[in-house]
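Peer 1: Data file final_9.tsv (TSV, N, CA and C atoms) is appended below.
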```tsv
chain	number	residue	atom	x	y	z
A	1497	MET	N	27.18	-23.33	10.01
A	1497	MET	CA	26.55	-24.39	9.26
A	1497	MET	C	25.55	-23.82	8.27
A	1498	THR	N	25.48	-24.39	7.11
A	1498	THR	CA	24.46	-23.98	6.15
A	1498	THR	C	23.18	-24.74	6.43
A	1499	ASN	N	22.13	-24.38	5.72
A	1499	ASN	CA	20.83	-25.03	5.94
A	1499	ASN	C	20.93	-26.54	5.75
A	1500	SER	N	21.69	-26.99	4.74
A	1500	SER	CA	21.78	-28.42	4.48
A	1500	SER	C	22.68	-29.12	5.49
A	1501	GLN	N	23.48	-28.36	6.24
A	1501	GLN	CA	24.40	-28.95	7.21
A	1501	GLN	C	23.89	-28.87	8.63
A	1502	GLN	N	22.67	-28.42	8.86
A	1502	GLN	CA	22.16	-28.31	10.22
A	1502	GLN	C	22.06	-29.69	10.85
A	1503	ALA	N	22.41	-29.73	12.10
A	1503	ALA	CA	22.34	-30.99	12.82
A	1503	ALA	C	20.88	-31.36	13.04
A	1504	PRO	N	20.58	-32.69	13.02
A	1504	PRO	CA	19.20	-33.10	13.29
A	1504	PRO	C	18.76	-32.61	14.65
A	1505	GLY	N	17.53	-32.12	14.72
A	1505	GLY	CA	17.00	-31.62	15.99
A	1505	GLY	C	17.38	-30.19	16.28
A	1506	ASP	N	18.21	-29.57	15.44
A	1506	ASP	CA	18.60	-28.17	15.64
A	1506	ASP	C	17.43	-27.30	15.20
A	1507	ASP	N	16.81	-26.59	16.13
A	1507	ASP	CA	15.62	-25.79	15.85
A	1507	ASP	C	15.94	-24.36	15.46
A	1508	ALA	N	17.19	-24.04	15.26
A	1508	ALA	CA	17.55	-22.67	14.88
A	1508	ALA	C	17.02	-22.39	13.49
A	1509	PRO	N	16.38	-21.22	13.33
A	1509	PRO	CA	15.86	-20.89	11.99
A	1509	PRO	C	17.00	-20.64	11.03
A	1510	PRO	N	16.77	-20.89	9.74
A	1510	PRO	CA	17.83	-20.61	8.78
A	1510	PRO	C	18.10	-19.11	8.73
A	1511	PRO	N	19.31	-18.72	8.38
A	1511	PRO	CA	19.63	-17.29	8.33
A	1511	PRO	C	18.81	-16.58	7.26
A	1512	ARG	N	18.48	-15.34	7.54
A	1512	ARG	CA	17.72	-14.53	6.59
A	1512	ARG	C	18.69	-13.92	5.59
A	1513	GLY	N	18.18	-13.48	4.46
A	1513	GLY	CA	19.01	-12.83	3.46
A	1513	GLY	C	19.45	-11.45	3.93
A	1514	LYS	N	20.41	-10.88	3.22
A	1514	LYS	CA	20.96	-9.57	3.60
A	1514	LYS	C	19.90	-8.47	3.53
A	1515	ILE	N	19.06	-8.50	2.51
A	1515	ILE	CA	18.03	-7.47	2.38
A	1515	ILE	C	17.03	-7.59	3.53
A	1516	ALA	N	16.64	-8.81	3.85
A	1516	ALA	CA	15.70	-9.02	4.95
A	1516	ALA	C	16.30	-8.55	6.27
A	1517	GLU	N	17.56	-8.80	6.48
A	1517	GLU	CA	18.21	-8.35	7.72
A	1517	GLU	C	18.27	-6.83	7.81
A	1518	ARG	N	18.45	-6.16	6.67
A	1518	ARG	CA	18.48	-4.69	6.67
A	1518	ARG	C	17.11	-4.10	6.91
A	1519	LEU	N	16.08	-4.69	6.28
A	1519	LEU	CA	14.72	-4.16	6.41
A	1519	LEU	C	14.07	-4.55	7.73
A	1520	LEU	N	14.36	-5.73	8.22
A	1520	LEU	CA	13.72	-6.26	9.43
A	1520	LEU	C	14.77	-6.70	10.44
A	1521	PRO	N	15.51	-5.74	11.00
A	1521	PRO	CA	16.58	-6.12	11.93
A	1521	PRO	C	16.02	-6.55	13.28
A	1522	GLY	N	16.66	-7.53	13.87
A	1522	GLY	CA	16.32	-7.95	15.24
A	1522	GLY	C	14.94	-8.54	15.37
A	1523	GLY	N	14.55	-8.74	16.60
A	1523	GLY	CA	13.24	-9.30	16.88
A	1523	GLY	C	13.21	-10.79	16.60
A	1524	GLU	N	12.02	-11.34	16.68
A	1524	GLU	CA	11.86	-12.76	16.39
A	1524	GLU	C	10.74	-12.94	15.38
A	1525	GLU	N	10.81	-14.06	14.68
A	1525	GLU	CA	9.82	-14.35	13.65
A	1525	GLU	C	8.43	-14.41	14.24
A	1526	PRO	N	7.48	-13.66	13.70
A	1526	PRO	CA	6.09	-13.76	14.18
A	1526	PRO	C	5.44	-15.03	13.62
A	1527	ASP	N	4.29	-15.33	14.15
A	1527	ASP	CA	3.50	-16.45	13.63
A	1527	ASP	C	3.27	-16.20	12.13
A	1528	PRO	N	3.51	-17.19	11.28
A	1528	PRO	CA	3.34	-16.98	9.83
A	1528	PRO	C	1.95	-16.50	9.45
A	1529	ARG	N	0.93	-16.85	10.22
A	1529	ARG	CA	-0.42	-16.39	9.89
A	1529	ARG	C	-0.51	-14.88	9.97
A	1530	PHE	N	0.19	-14.26	10.93
A	1530	PHE	CA	0.15	-12.81	11.05
A	1530	PHE	C	0.92	-12.14	9.91
A	1531	THR	N	2.04	-12.73	9.55
A	1531	THR	CA	2.81	-12.19	8.43
A	1531	THR	C	2.01	-12.28	7.14
A	1532	LEU	N	1.33	-13.41	6.94
A	1532	LEU	CA	0.51	-13.56	5.73
A	1532	LEU	C	-0.69	-12.61	5.74
A	1533	ALA	N	-1.28	-12.37	6.91
A	1533	ALA	CA	-2.38	-11.40	7.01
A	1533	ALA	C	-1.88	-10.00	6.67
A	1534	ASN	N	-0.68	-9.67	7.13
A	1534	ASN	CA	-0.08	-8.37	6.81
A	1534	ASN	C	0.13	-8.25	5.30
A	1535	GLU	N	0.56	-9.34	4.69
A	1535	GLU	CA	0.76	-9.33	3.24
A	1535	GLU	C	-0.56	-9.18	2.49
A	1536	ARG	N	-1.61	-9.83	2.96
A	1536	ARG	CA	-2.93	-9.67	2.30
A	1536	ARG	C	-3.42	-8.23	2.41
A	1537	THR	N	-3.18	-7.60	3.55
A	1537	THR	CA	-3.58	-6.21	3.71
A	1537	THR	C	-2.79	-5.32	2.75
A	1538	PHE	N	-1.49	-5.59	2.63
A	1538	PHE	CA	-0.66	-4.85	1.67
A	1538	PHE	C	-1.22	-5.00	0.26
A	1539	LEU	N	-1.58	-6.21	-0.12
A	1539	LEU	CA	-2.11	-6.44	-1.46
A	1539	LEU	C	-3.45	-5.73	-1.67
A	1540	ALA	N	-4.26	-5.62	-0.63
A	1540	ALA	CA	-5.52	-4.89	-0.74
A	1540	ALA	C	-5.25	-3.40	-1.00
A	1541	TRP	N	-4.26	-2.84	-0.32
A	1541	TRP	CA	-3.89	-1.43	-0.57
A	1541	TRP	C	-3.38	-1.27	-2.00
A	1542	ILE	N	-2.61	-2.25	-2.49
A	1542	ILE	CA	-2.09	-2.17	-3.85
A	1542	ILE	C	-3.23	-2.25	-4.87
A	1543	ARG	N	-4.22	-3.10	-4.62
A	1543	ARG	CA	-5.38	-3.16	-5.53
A	1543	ARG	C	-6.10	-1.82	-5.57
A	1544	THR	N	-6.24	-1.18	-4.41
A	1544	THR	CA	-6.88	0.13	-4.37
A	1544	THR	C	-6.04	1.15	-5.14
A	1545	SER	N	-4.73	1.08	-4.98
A	1545	SER	CA	-3.85	1.98	-5.71
A	1545	SER	C	-3.99	1.79	-7.22
A	1546	LEU	N	-4.05	0.54	-7.66
A	1546	LEU	CA	-4.23	0.28	-9.09
A	1546	LEU	C	-5.57	0.80	-9.59
A	1547	ALA	N	-6.61	0.69	-8.77
A	1547	ALA	CA	-7.93	1.22	-9.16
A	1547	ALA	C	-7.87	2.74	-9.31
A	1548	LEU	N	-7.16	3.41	-8.41
A	1548	LEU	CA	-7.02	4.87	-8.53
A	1548	LEU	C	-6.23	5.25	-9.78
A	1549	LEU	N	-5.18	4.50	-10.08
A	1549	LEU	CA	-4.41	4.77	-11.29
A	1549	LEU	C	-5.28	4.56	-12.53
A	1550	ALA	N	-6.05	3.48	-12.55
A	1550	ALA	CA	-6.95	3.23	-13.69
A	1550	ALA	C	-8.02	4.32	-13.79
A	1551	GLY	N	-8.51	4.79	-12.64
A	1551	GLY	CA	-9.49	5.87	-12.65
A	1551	GLY	C	-8.91	7.15	-13.20
A	1552	GLY	N	-7.68	7.47	-12.84
A	1552	GLY	CA	-7.03	8.67	-13.37
A	1552	GLY	C	-6.84	8.59	-14.87
A	1553	ILE	N	-6.45	7.42	-15.35
A	1553	ILE	CA	-6.28	7.24	-16.79
A	1553	ILE	C	-7.63	7.34	-17.49
A	1554	ALA	N	-8.66	6.72	-16.91
A	1554	ALA	CA	-9.99	6.76	-17.52
A	1554	ALA	C	-10.56	8.17	-17.57
A	1555	ILE	N	-10.36	8.93	-16.49
A	1555	ILE	CA	-10.84	10.33	-16.48
A	1555	ILE	C	-10.19	11.11	-17.61
A	1556	GLU	N	-8.90	10.94	-17.78
A	1556	GLU	CA	-8.19	11.69	-18.82
A	1556	GLU	C	-8.58	11.21	-20.23
A	1557	ALA	N	-8.77	9.90	-20.38
A	1557	ALA	CA	-8.99	9.36	-21.72
A	1557	ALA	C	-10.43	9.45	-22.20
A	1558	PHE	N	-11.40	9.35	-21.29
A	1558	PHE	CA	-12.78	9.16	-21.74
A	1558	PHE	C	-13.78	10.23	-21.31
A	1559	THR	N	-13.34	11.31	-20.69
A	1559	THR	CA	-14.31	12.29	-20.21
A	1559	THR	C	-14.11	13.68	-20.81
A	1560	SER	N	-13.59	13.75	-22.00
A	1560	SER	CA	-13.35	15.07	-22.59
A	1560	SER	C	-14.65	15.83	-22.83
A	1561	ASP	N	-15.77	15.11	-23.03
A	1561	ASP	CA	-17.05	15.79	-23.26
A	1561	ASP	C	-17.76	16.16	-21.96
A	1562	LEU	N	-17.30	15.64	-20.84
A	1562	LEU	CA	-17.96	15.89	-19.56
A	1562	LEU	C	-17.30	17.03	-18.78
A	1563	PHE	N	-15.97	17.06	-18.76
A	1563	PHE	CA	-15.23	18.04	-17.96
A	1563	PHE	C	-14.52	19.05	-18.84
A	1564	LEU	N	-14.36	20.25	-18.30
A	1564	LEU	CA	-13.47	21.21	-18.93
A	1564	LEU	C	-12.05	20.66	-18.83
A	1565	GLU	N	-11.20	21.03	-19.79
A	1565	GLU	CA	-9.86	20.44	-19.81
A	1565	GLU	C	-9.06	20.64	-18.52
A	1566	PRO	N	-9.03	21.85	-17.92
A	1566	PRO	CA	-8.24	21.99	-16.69
A	1566	PRO	C	-8.78	21.13	-15.53
A	1567	VAL	N	-10.10	21.01	-15.46
A	1567	VAL	CA	-10.70	20.19	-14.40
A	1567	VAL	C	-10.39	18.72	-14.65
A	1568	ARG	N	-10.53	18.29	-15.91
A	1568	ARG	CA	-10.25	16.90	-16.26
A	1568	ARG	C	-8.80	16.53	-15.95
A	1569	LYS	N	-7.89	17.38	-16.37
A	1569	LYS	CA	-6.47	17.11	-16.11
A	1569	LYS	C	-6.17	17.14	-14.62
A	1570	GLY	N	-6.76	18.12	-13.91
A	1570	GLY	CA	-6.53	18.21	-12.48
A	1570	GLY	C	-7.04	16.99	-11.74
A	1571	LEU	N	-8.24	16.54	-12.09
A	1571	LEU	CA	-8.80	15.36	-11.45
A	1571	LEU	C	-7.99	14.11	-11.77
A	1572	ALA	N	-7.57	13.97	-13.01
A	1572	ALA	CA	-6.74	12.83	-13.39
A	1572	ALA	C	-5.42	12.85	-12.63
A	1573	ILE	N	-4.81	14.02	-12.50
A	1573	ILE	CA	-3.55	14.13	-11.79
A	1573	ILE	C	-3.73	13.79	-10.31
A	1574	VAL	N	-4.83	14.26	-9.71
A	1574	VAL	CA	-5.10	13.93	-8.30
A	1574	VAL	C	-5.20	12.42	-8.11
A	1575	LEU	N	-5.96	11.77	-8.99
A	1575	LEU	CA	-6.13	10.32	-8.87
A	1575	LEU	C	-4.82	9.57	-9.10
A	1576	LEU	N	-4.04	10.01	-10.09
A	1576	LEU	CA	-2.76	9.35	-10.36
A	1576	LEU	C	-1.78	9.55	-9.21
A	1577	LEU	N	-1.70	10.77	-8.69
A	1577	LEU	CA	-0.81	11.02	-7.55
A	1577	LEU	C	-1.26	10.24	-6.32
A	1578	LEU	N	-2.55	10.19	-6.09
A	1578	LEU	CA	-3.07	9.43	-4.96
A	1578	LEU	C	-2.73	7.95	-5.10
A	1579	GLY	N	-2.86	7.41	-6.30
A	1579	GLY	CA	-2.48	6.02	-6.53
A	1579	GLY	C	-1.01	5.77	-6.26
A	1580	MET	N	-0.16	6.71	-6.70
A	1580	MET	CA	1.28	6.57	-6.44
A	1580	MET	C	1.58	6.65	-4.95
A	1581	LEU	N	1.00	7.63	-4.27
A	1581	LEU	CA	1.24	7.77	-2.83
A	1581	LEU	C	0.72	6.56	-2.06
A	1582	LEU	N	-0.41	6.05	-2.47
A	1582	LEU	CA	-0.99	4.90	-1.79
A	1582	LEU	C	-0.12	3.66	-1.95
A	1583	SER	N	0.43	3.45	-3.12
A	1583	SER	CA	1.29	2.27	-3.29
A	1583	SER	C	2.57	2.41	-2.45
A	1584	ALA	N	3.15	3.59	-2.39
A	1584	ALA	CA	4.32	3.78	-1.54
A	1584	ALA	C	3.95	3.66	-0.06
A	1585	GLY	N	2.81	4.24	0.31
A	1585	GLY	CA	2.35	4.13	1.69
A	1585	GLY	C	2.06	2.70	2.10
A	1586	ALA	N	1.53	1.90	1.17
A	1586	ALA	CA	1.25	0.49	1.46
A	1586	ALA	C	2.53	-0.26	1.76
A	1587	ALA	N	3.58	0.01	1.00
A	1587	ALA	CA	4.86	-0.66	1.25
A	1587	ALA	C	5.43	-0.25	2.61
A	1588	LEU	N	5.38	1.04	2.92
A	1588	LEU	CA	5.89	1.50	4.21
A	1588	LEU	C	5.06	0.93	5.35
A	1589	ARG	N	3.75	0.87	5.17
A	1589	ARG	CA	2.88	0.30	6.21
A	1589	ARG	C	3.19	-1.17	6.43
A	1590	TRP	N	3.36	-1.93	5.36
A	1590	TRP	CA	3.70	-3.35	5.50
A	1590	TRP	C	4.97	-3.50	6.33
A	1591	LEU	N	5.99	-2.70	6.00
A	1591	LEU	CA	7.26	-2.78	6.70
A	1591	LEU	C	7.13	-2.40	8.17
A	1592	ARG	N	6.40	-1.33	8.46
A	1592	ARG	CA	6.23	-0.88	9.86
A	1592	ARG	C	5.46	-1.92	10.67
A	1593	VAL	N	4.43	-2.52	10.10
A	1593	VAL	CA	3.66	-3.54	10.81
A	1593	VAL	C	4.52	-4.78	11.05
A	1594	GLU	N	5.27	-5.18	10.03
A	1594	GLU	CA	6.14	-6.36	10.18
A	1594	GLU	C	7.17	-6.15	11.27
A	1595	ARG	N	7.77	-4.96	11.31
A	1595	ARG	CA	8.75	-4.66	12.38
A	1595	ARG	C	8.07	-4.67	13.74
A	1596	SER	N	6.88	-4.10	13.84
A	1596	SER	CA	6.16	-4.09	15.12
A	1596	SER	C	5.87	-5.51	15.60
A	1597	MET	N	5.44	-6.35	14.69
A	1597	MET	CA	5.14	-7.73	15.08
A	1597	MET	C	6.40	-8.46	15.54
A	1598	ARG	N	7.51	-8.22	14.88
A	1598	ARG	CA	8.77	-8.89	15.25
A	1598	ARG	C	9.28	-8.44	16.61
A	1599	HIS	N	8.96	-7.22	16.99
A	1599	HIS	CA	9.44	-6.69	18.27
A	1599	HIS	C	8.34	-6.67	19.33
A	1600	LYS	N	7.20	-7.29	19.01
A	1600	LYS	CA	6.06	-7.35	19.94
A	1600	LYS	C	5.68	-5.96	20.46
A	1601	ALA	N	5.67	-5.01	19.55
A	1601	ALA	CA	5.33	-3.62	19.86
A	1601	ALA	C	3.91	-3.35	19.35
A	1602	PRO	N	3.26	-2.29	19.84
A	1602	PRO	CA	1.94	-1.94	19.31
A	1602	PRO	C	2.01	-1.65	17.81
A	1603	LEU	N	0.95	-1.98	17.11
A	1603	LEU	CA	0.91	-1.74	15.68
A	1603	LEU	C	0.80	-0.24	15.40
A	1604	PRO	N	1.45	0.24	14.35
A	1604	PRO	CA	1.39	1.67	14.03
A	1604	PRO	C	0.02	2.06	13.49
A	1605	LEU	N	-0.31	3.33	13.65
A	1605	LEU	CA	-1.55	3.84	13.08
A	1605	LEU	C	-1.45	3.86	11.56
A	1606	PRO	N	-2.53	3.57	10.87
A	1606	PRO	CA	-2.50	3.61	9.40
A	1606	PRO	C	-2.62	5.04	8.89
A	1607	LEU	N	-1.51	5.70	8.66
A	1607	LEU	CA	-1.51	7.10	8.25
A	1607	LEU	C	-2.05	7.29	6.83
A	1608	ILE	N	-2.08	6.22	6.03
A	1608	ILE	CA	-2.57	6.37	4.66
A	1608	ILE	C	-4.10	6.40	4.61
A	1609	VAL	N	-4.77	5.99	5.68
A	1609	VAL	CA	-6.24	5.99	5.68
A	1609	VAL	C	-6.79	7.41	5.58
A	1610	PRO	N	-6.37	8.37	6.43
A	1610	PRO	CA	-6.91	9.73	6.27
A	1610	PRO	C	-6.54	10.36	4.93
A	1611	LEU	N	-5.35	10.06	4.41
A	1611	LEU	CA	-4.95	10.58	3.11
A	1611	LEU	C	-5.89	10.07	2.03
A	1612	LEU	N	-6.14	8.78	2.04
A	1612	LEU	CA	-7.03	8.19	1.03
A	1612	LEU	C	-8.45	8.71	1.18
A	1613	ALA	N	-8.93	8.79	2.39
A	1613	ALA	CA	-10.30	9.26	2.62
A	1613	ALA	C	-10.47	10.72	2.18
A	1614	GLY	N	-9.54	11.57	2.54
A	1614	GLY	CA	-9.64	12.98	2.19
A	1614	GLY	C	-9.54	13.22	0.69
A	1615	ALA	N	-8.55	12.64	0.06
A	1615	ALA	CA	-8.37	12.84	-1.37
A	1615	ALA	C	-9.50	12.19	-2.16
A	1616	GLY	N	-9.96	11.03	-1.70
A	1616	GLY	CA	-11.09	10.39	-2.38
A	1616	GLY	C	-12.35	11.23	-2.28
A	1617	ALA	N	-12.56	11.84	-1.13
A	1617	ALA	CA	-13.75	12.69	-0.95
A	1617	ALA	C	-13.66	13.93	-1.84
A	1618	VAL	N	-12.49	14.52	-1.96
A	1618	VAL	CA	-12.32	15.70	-2.82
A	1618	VAL	C	-12.58	15.32	-4.28
A	1619	ALA	N	-11.99	14.20	-4.72
A	1619	ALA	CA	-12.19	13.77	-6.11
A	1619	ALA	C	-13.66	13.46	-6.38
A	1620	ALA	N	-14.32	12.80	-5.45
A	1620	ALA	CA	-15.75	12.49	-5.63
A	1620	ALA	C	-16.59	13.75	-5.66
A	1621	ALA	N	-16.24	14.74	-4.84
A	1621	ALA	CA	-16.99	15.99	-4.83
A	1621	ALA	C	-16.84	16.72	-6.16
A	1622	VAL	N	-15.65	16.73	-6.72
A	1622	VAL	CA	-15.43	17.38	-8.02
A	1622	VAL	C	-16.27	16.69	-9.10
A	1623	VAL	N	-16.24	15.37	-9.12
A	1623	VAL	CA	-17.03	14.63	-10.11
A	1623	VAL	C	-18.51	14.91	-9.91
A	1624	LEU	N	-18.99	14.90	-8.68
A	1624	LEU	CA	-20.40	15.14	-8.39
A	1624	LEU	C	-20.84	16.53	-8.86
A	1625	VAL	N	-20.03	17.53	-8.57
A	1625	VAL	CA	-20.36	18.90	-8.97
A	1625	VAL	C	-20.48	18.99	-10.49
A	1626	PHE	N	-19.54	18.41	-11.21
A	1626	PHE	CA	-19.58	18.51	-12.66
A	1626	PHE	C	-20.66	17.64	-13.29
A	1627	VAL	N	-20.98	16.52	-12.69
A	1627	VAL	CA	-22.08	15.71	-13.21
A	1627	VAL	C	-23.40	16.44	-13.01
A	1628	LEU	N	-23.60	17.05	-11.86
A	1628	LEU	CA	-24.82	17.81	-11.60
A	1628	LEU	C	-24.89	19.09	-12.42
A	1629	TRP	N	-23.75	19.70	-12.67
A	1629	TRP	CA	-23.68	20.97	-13.39
A	1629	TRP	C	-24.01	20.78	-14.87
A	1630	ARG	N	-23.61	19.67	-15.43
A	1630	ARG	CA	-23.81	19.42	-16.87
A	1630	ARG	C	-25.16	18.93	-17.12
```
Can you give me the file's structure in the form of structure tokens?

Peer 2:
Amino acid sequence: MTNSQQAPGDDAPPPRGKIAERLLPGGEEPDPRFTLANERTFLAWIRTSLALLAGGIAIEAFTSDLFLEPVRKGLAIVLLLLGMLLSAGAALRWLRVERSMRHKAPLPLPLIVPLLAGAGAVAAAVVLVFVLWR
């Protein structure tokens, strides 16, 4: 039966799309509030990724008088790569959390947190050294 042909009182959920079935096989639908919270967390990671990308572009475009060229390019590349990795990590994290919720399994550890913290600290240290040095 299609969605429009479901019998009255039939509580079976409508079938999921092919992509959803491939990405989220098995399990049962979690409470929508948890799925929406997972989505908000994903969007927060994406906002952070966009900020890192904007920071990398800003470092390259507007700090030629502050940094030596190799340092400026290196710092911009670190920020741009970190933004790219963070956006990919956010998508993988969303998927892993969604699968865990569907299978009532423990939530996975956020592996992108140490990556972000470490790379952010290195980038901040480089900026601090050059601001103090100049």

Peer 1: Given only N, CA and C atoms as the basis, pick out the residue of A:Leu1520, A:Leu1539, A:Leu1548, A:Val1623 nearest to Leu1578 of chain A.

Peer 2: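 Of the candidates, the smallest distance to Leu1578 of chain A is held by A:Leu1548.
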
Peer 1: Go through A:Leu1575, A:Asn1534, A:Ala1621, A:Arg1568 and flag the residue nearest Leu1603 of chain A, using only C-alpha atoms for the distances.

Peer 2: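 With only C-alpha atoms as the atom set, the closest residue is A:Asn1534.
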
Peer 1: Would you give me, as a list in words, the residues in segment 1557-1587 of chain A that DSSP reads as helix (DSSP H, G or I)?

Peer 2: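 Answer for segment 1557-1587 of chain A, restricted to helix (DSSP H, G or I): Ala1557, Phe1558, Glu1565, Pro1566, Val1567, Arg1568, Lys1569, Gly1570, Leu1571, Ala1572, Ile1573, Val1574, Leu1575, Leu1576, Leu1577, Leu1578, Gly1579, Met1580, Leu1581, Leu1582, Ser1583, Ala1584, Gly1585, Ala1586 and Ala1587 of chain A.
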
Peer 1: Determine, counting only C-alpha atoms, which protein, DNA and RNA residues have an atom within 7 Å of an atom of Trp1541 of chain A; residues of the same chain fewer than 4 positions away are not included. Present the result as a PyMOL selection string.

Peer 2: chain A and resi 1537+1545+1583+1586

Peer 1: For Leu1591 of chain A, which residue out of A:Trp1629, A:Ile1542, A:Leu1519, A:Pro1511 is the nearest one, using all atoms listed in the file?

Peer 2: A:Leu1519

Peer 1: Between atom N of Val1574 of chain A and atom N of Val1625 of chain A, what is the spacing in Å?

Peer 2: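 Calculated distance between atom N of Val1625 of chain A and atom N of Val1574 of chain A is 15.6 Å.
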
Peer 1: Please report the interatomic distance between atom N of Gly1523 of chain A and atom C of Trp1590 of chain A in Å with one decimal.

Peer 2: 15.0 Å

Peer 1: If you measure from atom N of Ala1554 of chain A to atom CA of Pro1610 of chain A, what distance in Å do you get, rounded to one decimal?

Peer 2: 23.4 Å

Peer 1: Given the choices A:Phe1538, A:Ala1601, A:Ile1608, A:Asp1561, which gets closest to Ala1587 of chain A if the distance is worked out from only N, CA and C atoms?

Peer 2: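 Between A:Phe1538, A:Ala1601, A:Ile1608, A:Asp1561, the residue approaching Ala1587 of chain A most closely is A:Phe1538.
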
Peer 1: Which is closer to Leu1576 of chain A than all the others in A:Gly1552, A:Glu1525, A:Val1618, A:Leu1532, using all atoms listed in the file?

Peer 2: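 Ranking A:Gly1552, A:Glu1525, A:Val1618, A:Leu1532 by distance to Leu1576 of chain A, first place goes to A:Gly1552.
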
Peer 1: Which is closer to Leu1546 of chain A than all the others in A:Pro1526, A:Gly1579, A:Gly1570, A:Gly1616, using only C-alpha atoms?

Peer 2: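 So, comparing all the options, the nearest one is A:Gly1579.
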
Peer 1: Pick out the residues sitting within 5 Å of Arg1598 of chain A, and hand them over as a PDB file with N, CA and C atoms, in the coordinates of the input; count all atoms listed in the file, and ignore anything fewer than 3 positions along from it in its own chain.

Peer 2:
```
ATOM      1  N   GLY A1523      14.550  -8.740  16.600  1.00  0.00           N
ATOM      2  CA  GLY A1523      13.240  -9.300  16.880  1.00  0.00           C
ATOM      3  C   GLY A1523      13.210 -10.790  16.600  1.00  0.00           C
ATOM      4  N   GLU A1524      12.020 -11.340  16.680  1.00  0.00           N
ATOM      5  CA  GLU A1524      11.860 -12.760  16.390  1.00  0.00           C
ATOM      6  C   GLU A1524      10.740 -12.940  15.380  1.00  0.00           C
ATOM      7  N   GLU A1594       5.270  -5.180  10.030  1.00  0.00           N
ATOM      8  CA  GLU A1594       6.140  -6.360  10.180  1.00  0.00           C
ATOM      9  C   GLU A1594       7.170  -6.150  11.270  1.00  0.00           C
ATOM     10  N   ARG A1595       7.770  -4.960  11.310  1.00  0.00           N
ATOM     11  CA  ARG A1595       8.750  -4.660  12.380  1.00  0.00           C
ATOM     12  C   ARG A1595       8.070  -4.670  13.740  1.00  0.00           C
TER      13      ARG A1595
END
```

Peer 1: Can you put N, CA, C and O atoms back into segment 1613-1624 of chain A and show it as a PDB file, in the frame of the given file?

Peer 2:
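File produced: out.pdb:
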```
ATOM      1  N   ALA A1613      -8.930   8.790   2.390  1.00  0.00           N
ATOM      2  CA  ALA A1613     -10.300   9.260   2.620  1.00  0.00           C
ATOM      3  C   ALA A1613     -10.470  10.720   2.180  1.00  0.00           C
ATOM      4  O   ALA A1613     -11.441  11.066   1.496  1.00  0.00           O
ATOM      5  N   GLY A1614      -9.540  11.570   2.540  1.00  0.00           N
ATOM      6  CA  GLY A1614      -9.640  12.980   2.190  1.00  0.00           C
ATOM      7  C   GLY A1614      -9.540  13.220   0.690  1.00  0.00           C
ATOM      8  O   GLY A1614     -10.370  13.921   0.103  1.00  0.00           O
ATOM      9  N   ALA A1615      -8.550  12.640   0.060  1.00  0.00           N
ATOM     10  CA  ALA A1615      -8.370  12.840  -1.370  1.00  0.00           C
ATOM     11  C   ALA A1615      -9.500  12.190  -2.160  1.00  0.00           C
ATOM     12  O   ALA A1615      -9.963  12.744  -3.167  1.00  0.00           O
ATOM     13  N   GLY A1616      -9.960  11.030  -1.700  1.00  0.00           N
ATOM     14  CA  GLY A1616     -11.090  10.390  -2.380  1.00  0.00           C
ATOM     15  C   GLY A1616     -12.350  11.230  -2.280  1.00  0.00           C
ATOM     16  O   GLY A1616     -13.121  11.327  -3.242  1.00  0.00           O
ATOM     17  N   ALA A1617     -12.560  11.840  -1.130  1.00  0.00           N
ATOM     18  CA  ALA A1617     -13.750  12.690  -0.950  1.00  0.00           C
ATOM     19  C   ALA A1617     -13.660  13.930  -1.840  1.00  0.00           C
ATOM     20  O   ALA A1617     -14.666  14.337  -2.445  1.00  0.00           O
ATOM     21  N   VAL A1618     -12.490  14.520  -1.960  1.00  0.00           N
ATOM     22  CA  VAL A1618     -12.320  15.700  -2.820  1.00  0.00           C
ATOM     23  C   VAL A1618     -12.580  15.320  -4.280  1.00  0.00           C
ATOM     24  O   VAL A1618     -13.291  16.018  -5.012  1.00  0.00           O
ATOM     25  N   ALA A1619     -11.990  14.200  -4.720  1.00  0.00           N
ATOM     26  CA  ALA A1619     -12.190  13.770  -6.110  1.00  0.00           C
ATOM     27  C   ALA A1619     -13.660  13.460  -6.380  1.00  0.00           C
ATOM     28  O   ALA A1619     -14.206  13.852  -7.426  1.00  0.00           O
ATOM     29  N   ALA A1620     -14.320  12.800  -5.450  1.00  0.00           N
ATOM     30  CA  ALA A1620     -15.750  12.490  -5.630  1.00  0.00           C
ATOM     31  C   ALA A1620     -16.590  13.750  -5.660  1.00  0.00           C
ATOM     32  O   ALA A1620     -17.556  13.851  -6.439  1.00  0.00           O
ATOM     33  N   ALA A1621     -16.240  14.740  -4.840  1.00  0.00           N
ATOM     34  CA  ALA A1621     -16.990  15.990  -4.830  1.00  0.00           C
ATOM     35  C   ALA A1621     -16.840  16.720  -6.160  1.00  0.00           C
ATOM     36  O   ALA A1621     -17.824  17.271  -6.682  1.00  0.00           O
ATOM     37  N   VAL A1622     -15.650  16.730  -6.720  1.00  0.00           N
ATOM     38  CA  VAL A1622     -15.430  17.380  -8.020  1.00  0.00           C
ATOM     39  C   VAL A1622     -16.270  16.690  -9.100  1.00  0.00           C
ATOM     40  O   VAL A1622     -16.951  17.352  -9.896  1.00  0.00           O
ATOM     41  N   VAL A1623     -16.240  15.370  -9.120  1.00  0.00           N
ATOM     42  CA  VAL A1623     -17.030  14.630 -10.110  1.00  0.00           C
ATOM     43  C   VAL A1623     -18.510  14.910  -9.910  1.00  0.00           C
ATOM     44  O   VAL A1623     -19.245  15.169 -10.885  1.00  0.00           O
ATOM     45  N   LEU A1624     -18.990  14.900  -8.680  1.00  0.00           N
ATOM     46  CA  LEU A1624     -20.400  15.140  -8.390  1.00  0.00           C
ATOM     47  C   LEU A1624     -20.840  16.530  -8.860  1.00  0.00           C
ATOM     48  O   LEU A1624     -21.879  16.695  -9.493  1.00  0.00           O
TER      49      LEU A1624
END
```
